[in-house]
file target16.pdb (PDB, C-alpha atoms and all ligand atoms)
ATOM      1  CA  VAL A 235      65.472 -50.806  88.914
ATOM      2  CA  GLY A 236      62.828 -49.713  86.440
ATOM      3  CA  THR A 237      61.534 -51.452  83.322
ATOM      4  CA  LEU A 238      62.149 -50.874  79.632
ATOM      5  CA  TYR A 239      59.069 -51.494  77.472
ATOM      6  CA  ILE A 240      59.483 -52.031  73.721
ATOM      7  CA  VAL A 241      56.141 -50.880  72.362
ATOM      8  CA  ALA A 242      54.944 -51.519  68.793
ATOM      9  CA  THR A 243      52.873 -48.746  67.183
ATOM     10  CA  PRO A 244      50.729 -48.650  63.987
ATOM     11  CA  LEU A 245      52.109 -48.746  60.430
ATOM     12  CA  GLY A 246      49.773 -45.974  59.354
ATOM     13  CA  ASN A 247      46.271 -46.807  60.542
ATOM     14  CA  LEU A 248      45.996 -45.332  64.050
ATOM     15  CA  GLU A 249      43.403 -47.949  65.038
ATOM     16  CA  ASP A 250      46.091 -50.659  64.929
ATOM     17  CA  MET A 251      47.151 -49.927  68.502
ATOM     18  CA  THR A 252      46.624 -52.439  71.292
ATOM     19  CA  PHE A 253      44.825 -51.559  74.545
ATOM     20  CA  ARG A 254      47.934 -52.686  76.402
ATOM     21  CA  ALA A 255      50.213 -50.411  74.352
ATOM     22  CA  VAL A 256      47.991 -47.394  75.113
ATOM     23  CA  ARG A 257      47.889 -48.213  78.832
ATOM     24  CA  ILE A 258      51.654 -48.674  79.075
ATOM     25  CA  LEU A 259      52.408 -45.467  77.167
ATOM     26  CA  LYS A 260      50.112 -43.639  79.626
ATOM     27  CA  GLU A 261      51.669 -45.240  82.710
ATOM     28  CA  VAL A 262      55.430 -45.003  82.020
ATOM     29  CA  ASP A 263      57.565 -42.095  83.266
ATOM     30  CA  LEU A 264      59.051 -41.375  79.844
ATOM     31  CA  ILE A 265      58.563 -42.303  76.176
ATOM     32  CA  ALA A 266      61.763 -42.540  74.109
ATOM     33  CA  ALA A 267      60.575 -41.889  70.539
ATOM     34  CA  GLU A 268      62.445 -42.075  67.254
ATOM     35  CA  ASP A 269      60.862 -38.768  66.194
ATOM     36  CA  THR A 270      58.944 -36.947  68.903
ATOM     37  CA  ARG A 271      57.122 -34.727  66.389
ATOM     38  CA  HIS A 272      55.983 -37.709  64.331
ATOM     39  CA  SER A 273      54.744 -39.554  67.443
ATOM     40  CA  LYS A 274      52.747 -36.516  68.639
ATOM     41  CA  LYS A 275      49.900 -37.466  66.287
ATOM     42  CA  LEU A 276      49.563 -40.977  67.742
ATOM     43  CA  LEU A 277      49.987 -39.859  71.347
ATOM     44  CA  GLY A 278      47.472 -37.024  70.861
ATOM     45  CA  HIS A 279      44.945 -39.389  69.285
ATOM     46  CA  TYR A 280      44.981 -41.570  72.423
ATOM     47  CA  GLY A 281      45.239 -38.718  74.940
ATOM     48  CA  ILE A 282      48.709 -39.828  76.077
ATOM     49  CA  THR A 283      50.457 -36.954  77.852
ATOM     50  CA  THR A 284      53.608 -38.757  79.046
ATOM     51  CA  PRO A 285      56.824 -36.737  78.464
ATOM     52  CA  THR A 286      58.807 -37.756  75.368
ATOM     53  CA  ILE A 287      62.504 -37.703  74.560
ATOM     54  CA  ALA A 288      64.169 -38.264  71.169
ATOM     55  CA  CYS A 289      66.129 -41.470  70.673
ATOM     56  CA  HIS A 290      67.096 -41.961  67.044
ATOM     57  CA  GLU A 291      69.834 -43.421  64.877
ATOM     58  CA  HIS A 292      72.075 -40.359  65.253
ATOM     59  CA  ASN A 293      71.962 -39.892  69.028
ATOM     60  CA  GLU A 294      71.327 -43.449  70.203
ATOM     61  CA  ALA A 295      74.867 -44.013  71.532
ATOM     62  CA  VAL A 296      74.594 -40.977  73.853
ATOM     63  CA  LYS A 297      70.892 -41.379  74.618
ATOM     64  CA  ALA A 298      71.216 -45.066  75.500
ATOM     65  CA  HIS A 299      73.662 -44.137  78.270
ATOM     66  CA  ASP A 300      71.271 -41.513  79.660
ATOM     67  CA  LEU A 301      68.247 -43.832  79.464
ATOM     68  CA  ILE A 302      70.125 -46.704  81.148
ATOM     69  CA  GLN A 303      71.019 -44.386  84.039
ATOM     70  CA  ARG A 304      67.371 -43.390  84.445
ATOM     71  CA  LEU A 305      66.298 -47.060  84.319
ATOM     72  CA  GLU A 306      68.895 -47.964  86.953
ATOM     73  CA  LYS A 307      67.401 -45.278  89.201
ATOM     74  CA  GLY A 308      63.972 -46.870  88.859
ATOM     75  CA  ALA A 309      62.341 -45.084  85.919
ATOM     76  CA  THR A 310      59.929 -46.900  83.609
ATOM     77  CA  ILE A 311      60.590 -46.080  79.961
ATOM     78  CA  ALA A 312      58.776 -47.069  76.759
ATOM     79  CA  LEU A 313      60.673 -47.142  73.480
ATOM     80  CA  ILE A 314      58.637 -46.470  70.326
ATOM     81  CA  SER A 315      59.620 -45.909  66.695
ATOM     82  CA  ASP A 316      57.873 -44.037  63.880
ATOM     83  CA  ALA A 317      56.027 -47.170  62.778
ATOM     84  CA  GLY A 318      55.734 -50.817  63.719
ATOM     85  CA  THR A 319      58.025 -52.689  66.063
ATOM     86  CA  PRO A 320      61.097 -50.838  67.408
ATOM     87  CA  LEU A 321      64.489 -52.375  66.518
ATOM     88  CA  ILE A 322      63.106 -54.040  63.373
ATOM     89  CA  SER A 323      65.023 -51.926  60.813
ATOM     90  CA  ASP A 324      64.646 -49.188  63.438
ATOM     91  CA  PRO A 325      66.736 -47.753  66.333
ATOM     92  CA  GLY A 326      66.955 -49.326  69.776
ATOM     93  CA  TYR A 327      69.460 -52.164  69.484
ATOM     94  CA  ARG A 328      72.118 -50.416  71.598
ATOM     95  CA  LEU A 329      69.619 -49.517  74.295
ATOM     96  CA  VAL A 330      68.128 -53.001  74.522
ATOM     97  CA  SER A 331      71.475 -54.813  74.461
ATOM     98  CA  GLN A 332      72.866 -52.539  77.191
ATOM     99  CA  ALA A 333      69.722 -52.906  79.296
ATOM    100  CA  GLY A 334      70.039 -56.687  78.917
ATOM    101  CA  GLU A 335      73.672 -56.610  80.060
ATOM    102  CA  LYS A 336      72.711 -54.560  83.136
ATOM    103  CA  GLY A 337      69.912 -56.944  84.064
ATOM    104  CA  ILE A 338      67.204 -54.318  83.564
ATOM    105  CA  PRO A 339      63.828 -55.966  82.848
ATOM    106  CA  ILE A 340      62.864 -55.604  79.159
ATOM    107  CA  VAL A 341      59.192 -56.129  78.305
ATOM    108  CA  PRO A 342      58.077 -56.309  74.659
ATOM    109  CA  VAL A 343      54.564 -55.064  73.925
ATOM    110  CA  PRO A 344      53.699 -56.669  70.567
ATOM    111  CA  GLY A 345      51.817 -55.151  67.671
ATOM    112  CA  CYS A 346      52.374 -54.137  64.066
ATOM    113  CA  ASN A 347      55.285 -55.131  61.859
ATOM    114  CA  ALA A 348      55.281 -54.469  58.102
ATOM    115  CA  ALA A 349      57.089 -57.706  57.172
ATOM    116  CA  ILE A 350      54.678 -60.007  58.995
ATOM    117  CA  THR A 351      51.581 -57.974  58.106
ATOM    118  CA  GLY A 352      52.421 -58.079  54.402
ATOM    119  CA  LEU A 353      53.561 -61.704  54.454
ATOM    120  CA  SER A 354      50.205 -62.841  55.816
ATOM    121  CA  ALA A 355      48.436 -61.526  52.698
ATOM    122  CA  SER A 356      51.208 -62.046  50.125
ATOM    123  CA  GLY A 357      49.954 -65.423  48.914
ATOM    124  CA  LEU A 358      53.508 -66.807  49.172
ATOM    125  CA  PRO A 359      54.633 -69.648  51.471
ATOM    126  CA  THR A 360      54.716 -68.576  55.108
ATOM    127  CA  ASP A 361      56.058 -71.743  56.756
ATOM    128  CA  THR A 362      59.638 -70.486  56.498
ATOM    129  CA  PHE A 363      60.753 -66.974  55.597
ATOM    130  CA  VAL A 364      63.904 -64.872  55.784
ATOM    131  CA  PHE A 365      63.702 -61.218  56.760
ATOM    132  CA  LEU A 366      66.493 -59.349  54.939
ATOM    133  CA  GLY A 367      65.649 -55.757  55.948
ATOM    134  CA  PHE A 368      66.883 -52.957  53.667
ATOM    135  CA  PRO A 369      69.177 -54.286  50.896
ATOM    136  CA  PRO A 370      72.462 -52.442  50.130
ATOM    137  CA  ARG A 371      72.103 -49.309  47.998
ATOM    138  CA  LYS A 372      75.220 -49.709  45.839
ATOM    139  CA  GLN A 373      74.524 -51.853  42.763
ATOM    140  CA  GLY A 374      77.603 -54.096  43.157
ATOM    141  CA  ARG A 375      76.829 -54.848  46.799
ATOM    142  CA  LEU A 376      73.163 -55.358  45.993
ATOM    143  CA  ASN A 377      74.031 -57.977  43.361
ATOM    144  CA  THR A 378      76.298 -59.855  45.794
ATOM    145  CA  PHE A 379      73.629 -59.657  48.502
ATOM    146  CA  LEU A 380      70.966 -61.086  46.181
ATOM    147  CA  ASN A 381      73.240 -63.804  44.794
ATOM    148  CA  ASP A 382      74.017 -64.881  48.377
ATOM    149  CA  THR A 383      70.309 -65.465  49.001
ATOM    150  CA  ALA A 384      69.500 -67.153  45.667
ATOM    151  CA  HIS A 385      69.434 -70.679  47.113
ATOM    152  CA  HIS A 386      67.237 -69.998  50.147
ATOM    153  CA  LYS A 387      64.106 -72.155  50.003
ATOM    154  CA  ALA A 388      62.316 -69.752  52.345
ATOM    155  CA  THR A 389      60.266 -66.753  51.211
ATOM    156  CA  LEU A 390      62.530 -63.676  51.087
ATOM    157  CA  ILE A 391      61.375 -60.384  52.609
ATOM    158  CA  PHE A 392      62.910 -56.986  51.784
ATOM    159  CA  TYR A 393      62.136 -53.454  52.950
ATOM    160  CA  GLU A 394      62.704 -50.863  50.255
ATOM    161  CA  SER A 395      62.044 -47.212  49.546
ATOM    162  CA  PRO A 396      59.632 -46.515  46.655
ATOM    163  CA  ARG A 397      62.502 -44.714  44.885
ATOM    164  CA  ARG A 398      64.607 -47.862  44.677
ATOM    165  CA  VAL A 399      62.007 -50.609  44.406
ATOM    166  CA  ILE A 400      62.098 -50.890  40.574
ATOM    167  CA  ARG A 401      65.860 -51.337  40.677
ATOM    168  CA  LEU A 402      65.520 -53.976  43.419
ATOM    169  CA  ILE A 403      62.984 -55.944  41.367
ATOM    170  CA  SER A 404      65.035 -55.851  38.161
ATOM    171  CA  SER A 405      68.191 -56.863  40.072
ATOM    172  CA  ALA A 406      66.199 -59.708  41.660
ATOM    173  CA  ILE A 407      65.165 -60.946  38.187
ATOM    174  CA  ASP A 408      68.867 -61.051  37.226
ATOM    175  CA  ALA A 409      69.804 -62.935  40.405
ATOM    176  CA  PHE A 410      66.844 -65.333  40.790
ATOM    177  CA  GLY A 411      65.057 -65.502  37.442
ATOM    178  CA  ASP A 412      61.362 -64.665  37.149
ATOM    179  CA  ARG A 413      60.094 -66.004  40.472
ATOM    180  CA  GLN A 414      56.671 -65.527  42.039
ATOM    181  CA  ALA A 415      56.579 -62.402  44.175
ATOM    182  CA  CYS A 416      54.382 -59.849  45.895
ATOM    183  CA  LEU A 417      54.816 -56.150  46.513
ATOM    184  CA  ALA A 418      52.890 -54.768  49.488
ATOM    185  CA  ARG A 419      52.518 -50.991  49.427
ATOM    186  CA  GLU A 420      50.959 -48.590  51.922
ATOM    187  CA  LEU A 421      49.960 -51.364  54.337
ATOM    188  CA  THR A 422      46.981 -50.492  56.577
ATOM    189  CA  LYS A 423      46.594 -47.109  54.828
ATOM    190  CA  GLN A 424      43.924 -45.752  52.474
ATOM    191  CA  TYR A 425      45.738 -46.782  49.284
ATOM    192  CA  GLU A 426      46.935 -50.184  50.490
ATOM    193  CA  GLU A 427      47.897 -52.334  47.516
ATOM    194  CA  PHE A 428      49.241 -55.818  46.795
ATOM    195  CA  ILE A 429      50.770 -56.604  43.401
ATOM    196  CA  ARG A 430      51.111 -60.377  43.091
ATOM    197  CA  GLY A 431      52.647 -62.401  40.269
ATOM    198  CA  PRO A 432      56.022 -63.142  38.697
ATOM    199  CA  LEU A 433      58.711 -60.487  39.290
ATOM    200  CA  SER A 434      58.400 -59.419  35.622
ATOM    201  CA  VAL A 435      54.735 -58.523  36.194
ATOM    202  CA  LEU A 436      55.591 -56.473  39.281
ATOM    203  CA  LEU A 437      58.242 -54.692  37.219
ATOM    204  CA  SER A 438      56.003 -53.891  34.238
ATOM    205  CA  THR A 439      53.169 -52.776  36.557
ATOM    206  CA  LEU A 440      55.431 -50.346  38.393
ATOM    207  CA  GLU A 441      57.206 -49.143  35.242
ATOM    208  CA  SER A 442      53.864 -48.194  33.716
ATOM    209  CA  ARG A 443      53.254 -45.708  36.552
ATOM    210  CA  GLU A 444      54.388 -42.120  36.569
ATOM    211  CA  THR A 445      55.446 -42.212  40.202
ATOM    212  CA  ILE A 446      55.564 -44.805  42.961
ATOM    213  CA  LYS A 447      54.550 -43.498  46.330
ATOM    214  CA  GLY A 448      54.348 -44.975  49.795
ATOM    215  CA  GLU A 449      56.308 -47.537  51.697
ATOM    216  CA  CYS A 450      56.967 -50.940  50.189
ATOM    217  CA  VAL A 451      57.753 -54.475  51.278
ATOM    218  CA  LEU A 452      58.873 -56.950  48.615
ATOM    219  CA  PHE A 453      58.292 -60.692  49.038
ATOM    220  CA  ILE A 454      59.981 -63.206  46.719
ATOM    221  CA  LYS A 455      59.325 -66.936  46.715
ATOM    222  CA  GLY A 456      62.330 -69.024  47.724
ATOM    223  CA  GLU A 457      64.140 -71.348  45.347
ATOM    224  CA  ASP A 458      61.958 -74.321  44.371
ATOM    225  CA  GLU A 459      62.957 -77.695  45.804
ATOM    226  CA  GLN A 460      64.786 -79.689  43.140
ATOM    227  CA  PRO A 461      62.700 -82.797  42.285
ATOM    228  CA  ILE A 462      64.171 -85.835  43.991
ATOM    229  CA  GLY A 463      65.401 -88.064  41.206
ATOM    230  CA  LEU A 464      68.519 -89.666  39.900
ATOM    231  CA  SER A 465      70.257 -88.749  36.684
ATOM    232  CA  ALA A 466      70.531 -91.426  33.956
ATOM    233  CA  GLU A 467      74.230 -91.681  34.775
ATOM    234  CA  GLN A 468      73.559 -92.288  38.508
ATOM    235  CA  MET A 469      70.949 -94.968  37.617
ATOM    236  CA  GLN A 470      73.417 -96.766  35.356
ATOM    237  CA  THR A 471      76.119 -96.769  38.042
ATOM    238  CA  MET A 472      73.639 -98.280  40.537
ATOM    239  CA  ILE A 473      72.587-101.006  38.082
ATOM    240  CA  ILE A 474      76.204-101.910  37.348
ATOM    241  CA  GLU A 475      77.049-101.951  41.071
ATOM    242  CA  GLY A 476      74.006-104.191  41.642
ATOM    243  CA  LEU A 477      75.042-106.620  38.903
ATOM    244  CA  ASN A 478      78.562-106.810  40.288
ATOM    245  CA  GLN A 479      77.215-107.735  43.726
ATOM    246  CA  ASN A 480      75.293-110.736  42.363
TER     247      ASN A 480
HETATM  248  N1  LIG A 501      59.844 -51.049  62.460
HETATM  249  C1  LIG A 501      59.064 -51.173  61.255
HETATM  250  C2  LIG A 501      58.345 -52.530  61.245
HETATM  251  O1  LIG A 501      58.157 -53.131  62.334
HETATM  252  O2  LIG A 501      57.927 -52.984  60.198
HETATM  253  C3  LIG A 501      59.907 -50.951  60.024
HETATM  254  C4  LIG A 501      60.593 -49.607  59.966
HETATM  255  S1  LIG A 501      61.581 -49.339  58.573
HETATM  256  C5  LIG A 501      62.453 -47.864  58.990
HETATM  257  C6  LIG A 501      60.485 -48.717  57.379
HETATM  258  C7  LIG A 501      60.206 -49.712  56.252
HETATM  259  O3  LIG A 501      59.198 -50.622  56.699
HETATM  260  C8  LIG A 501      59.654 -49.091  54.984
HETATM  261  O4  LIG A 501      60.686 -48.652  54.110
HETATM  262  C9  LIG A 501      58.862 -50.235  54.390
HETATM  263  O5  LIG A 501      59.726 -51.130  53.737
HETATM  264  C10 LIG A 501      58.300 -50.902  55.669
HETATM  265  N2  LIG A 501      56.997 -50.304  56.016
HETATM  266  C11 LIG A 501      56.688 -49.577  57.106
HETATM  267  N3  LIG A 501      55.394 -49.206  57.083
HETATM  268  C12 LIG A 501      54.868 -49.727  55.954
HETATM  269  C13 LIG A 501      53.577 -49.705  55.353
HETATM  270  N4  LIG A 501      52.557 -49.053  55.915
HETATM  271  N5  LIG A 501      53.396 -50.350  54.175
HETATM  272  C14 LIG A 501      54.406 -51.018  53.590
HETATM  273  N6  LIG A 501      55.657 -51.068  54.109
HETATM  274  C15 LIG A 501      55.881 -50.439  55.269
END
call {"tool": "encode", "arguments": {"input": "target16.pdb", "output": "structure tokens"}}
result
Amino acid sequence: VGTLYIVATPLGNLEDMTFRAVRILKEVDLIAAEDTRHSKKLLGHYGITTPTIACHEHNEAVKAHDLIQRLEKGATIALISDAGTPLISDPGYRLVSQAGEKGIPIVPVPGCNAAITGLSASGLPTDTFVFLGFPPRKQGRLNTFLNDTAHHKATLIFYESPRRVIRLISSAIDAFGDRQACLARELTKQYEEFIRGPLSVLLSTLESRETIKGECVLFIKGEDEQPIGLSAEQMQTMIIEGLNQN
């Protein structure tokens, strides 16, 4: 059998490509790309002439079957997405799970990911974090989704389109209160920006702009640990229990 490589590509800055990723994309028989036209720029930049085939959200069920057959016959295939690591809020899950079931070797080739890249510069705790991907679009579902995460102690990470990011931040204020947060925009690109501060500051900063452009990742600090302490009532109960024991 062949091998399926899961190859991370840049988030915007073409220099963020590993030597290994370039070599593998040159060596494989076929590159399965989310959008072959979009990937042309990257492949051209590195002189990669390997044939490409489209494998996106809308044809993945059919394409996965075709790609698995090729892999079973011995082909080597690299999966790439438009940006960052495939399968992370991107297509490829069906292909990788089916390849795993068939015992086809799956080799990840690591590189960029917007969540981790932004987290490292967010200024928020990084020891534990929860990646929540794209939140639901409908307001009711969004509120439920946020309320369900309100008690996480870990830093929360959301992907969001610039068109919906103001609504996400104001809904987060309703669900969590005015927590510390960071918005990372246009990571690795010319107009890269981090807005750090309480959610209310992120909101007023964005609301003062005519338009919000570029891709965004929102980081929100987890719920603060409650101070360990006993209420006056608990203390009194303990004292009374202690007296009774003597
Ligand atoms: N697979 C990608 C990864 O590994 O990060 C994520 C793909 S997902 C379809 C696209 C979302 O990722 C955007 O809506 C945004 O939230 C985030 N993203 C991707 N590139 C970004 C960038 N350059 N700056 C900020 N966020 C980015």
call {"tool": "atom_distance", "arguments": {"input": "target16.pdb", "atom1": "CA of Phe368 in chain A", "atom2": "CA of Ser323 in chain A"}}
result
7.5 Å
call {"tool": "resolve_selection", "arguments": {"input": "target16.pdb", "expression": "the PyMOL selection byres (((chain A and resi 276) around 10) and not hetatm)", "output": "ChimeraX atom specification"}}
result
/A:243-244,246-249,251,256,271-275,277-282,316
call {"tool": "residues_near_ligand", "arguments": {"input": "target16.pdb", "ligand": "ligand LIG 501 (chain A)", "cutoff": "8 Å", "atoms": "only C-alpha atoms and all ligand atoms", "output": "VMD selection string"}}
result
chain A and resid 242 245 to 246 315 to 324 346 to 350 352 367 to 368 392 to 396 418 to 423 426 448 to 452
call {"tool": "axis_aligned_box", "arguments": {"input": "target16.pdb", "around": "range 444-463 of chain A", "padding_each_side": "8 Å", "output": "JSON"}}
result
{"center_x": 59.9, "center_y": -65.1, "center_z": 44.1, "size_x": 27.1, "size_y": 61.9, "size_z": 31.1}
call {"tool": "closest_residue", "arguments": {"input": "target16.pdb", "among": "A:Gln303, A:Asp263, A:Ala388, A:Phe253", "to": "Thr362 in chain A", "atoms": "all atoms listed in the file"}}
result
A:Ala388
call {"tool": "closest_atom_pairs", "arguments": {"input": "target16.pdb", "of": "range 304-391 of chain A", "to": "range 407-413 of chain A", "cutoff": "7 Å", "atoms": "all atoms listed in the file", "output": "Markdown table"}}
result
| residue | atom | partner | partner_atom | distance |
| --- | --- | --- | --- | --- |
| A:Leu380 | CA | A:Ala409 | CA | 6.2 |
| A:Asn381 | CA | A:Ala409 | CA | 5.6 |
| A:Ala384 | CA | A:Phe410 | CA | 5.8 |
call {"tool": "write_last_selection", "arguments": {"input": "target16.pdb", "atoms": "C-alpha atoms", "output": "compact mmCIF listing (two decimals), keeping the file's coordinate frame"}}
result
# COMPACT_ATOMS: atom_id res chain seq x y z
CA LEU A 380 70.97 -61.09 46.18
CA ASN A 381 73.24 -63.80 44.79
CA ALA A 384 69.50 -67.15 45.67
call {"tool": "closest_residue", "arguments": {"input": "target16.pdb", "among": "A:Val296, A:Ala255, A:Ala309, A:Ile314", "to": "Glu268 in chain A", "atoms": "all atoms listed in the file"}}
result
A:Ile314
call {"tool": "resolve_selection", "arguments": {"input": "target16.pdb", "expression": "the PyMOL selection byres (((chain A and resi 342-344) around 7) and not hetatm)", "output": "list in words"}}
result
Tyr239, Ile240, Val241, Ala242, Ala255, Ile340, Val341 and Gly345 of chain A
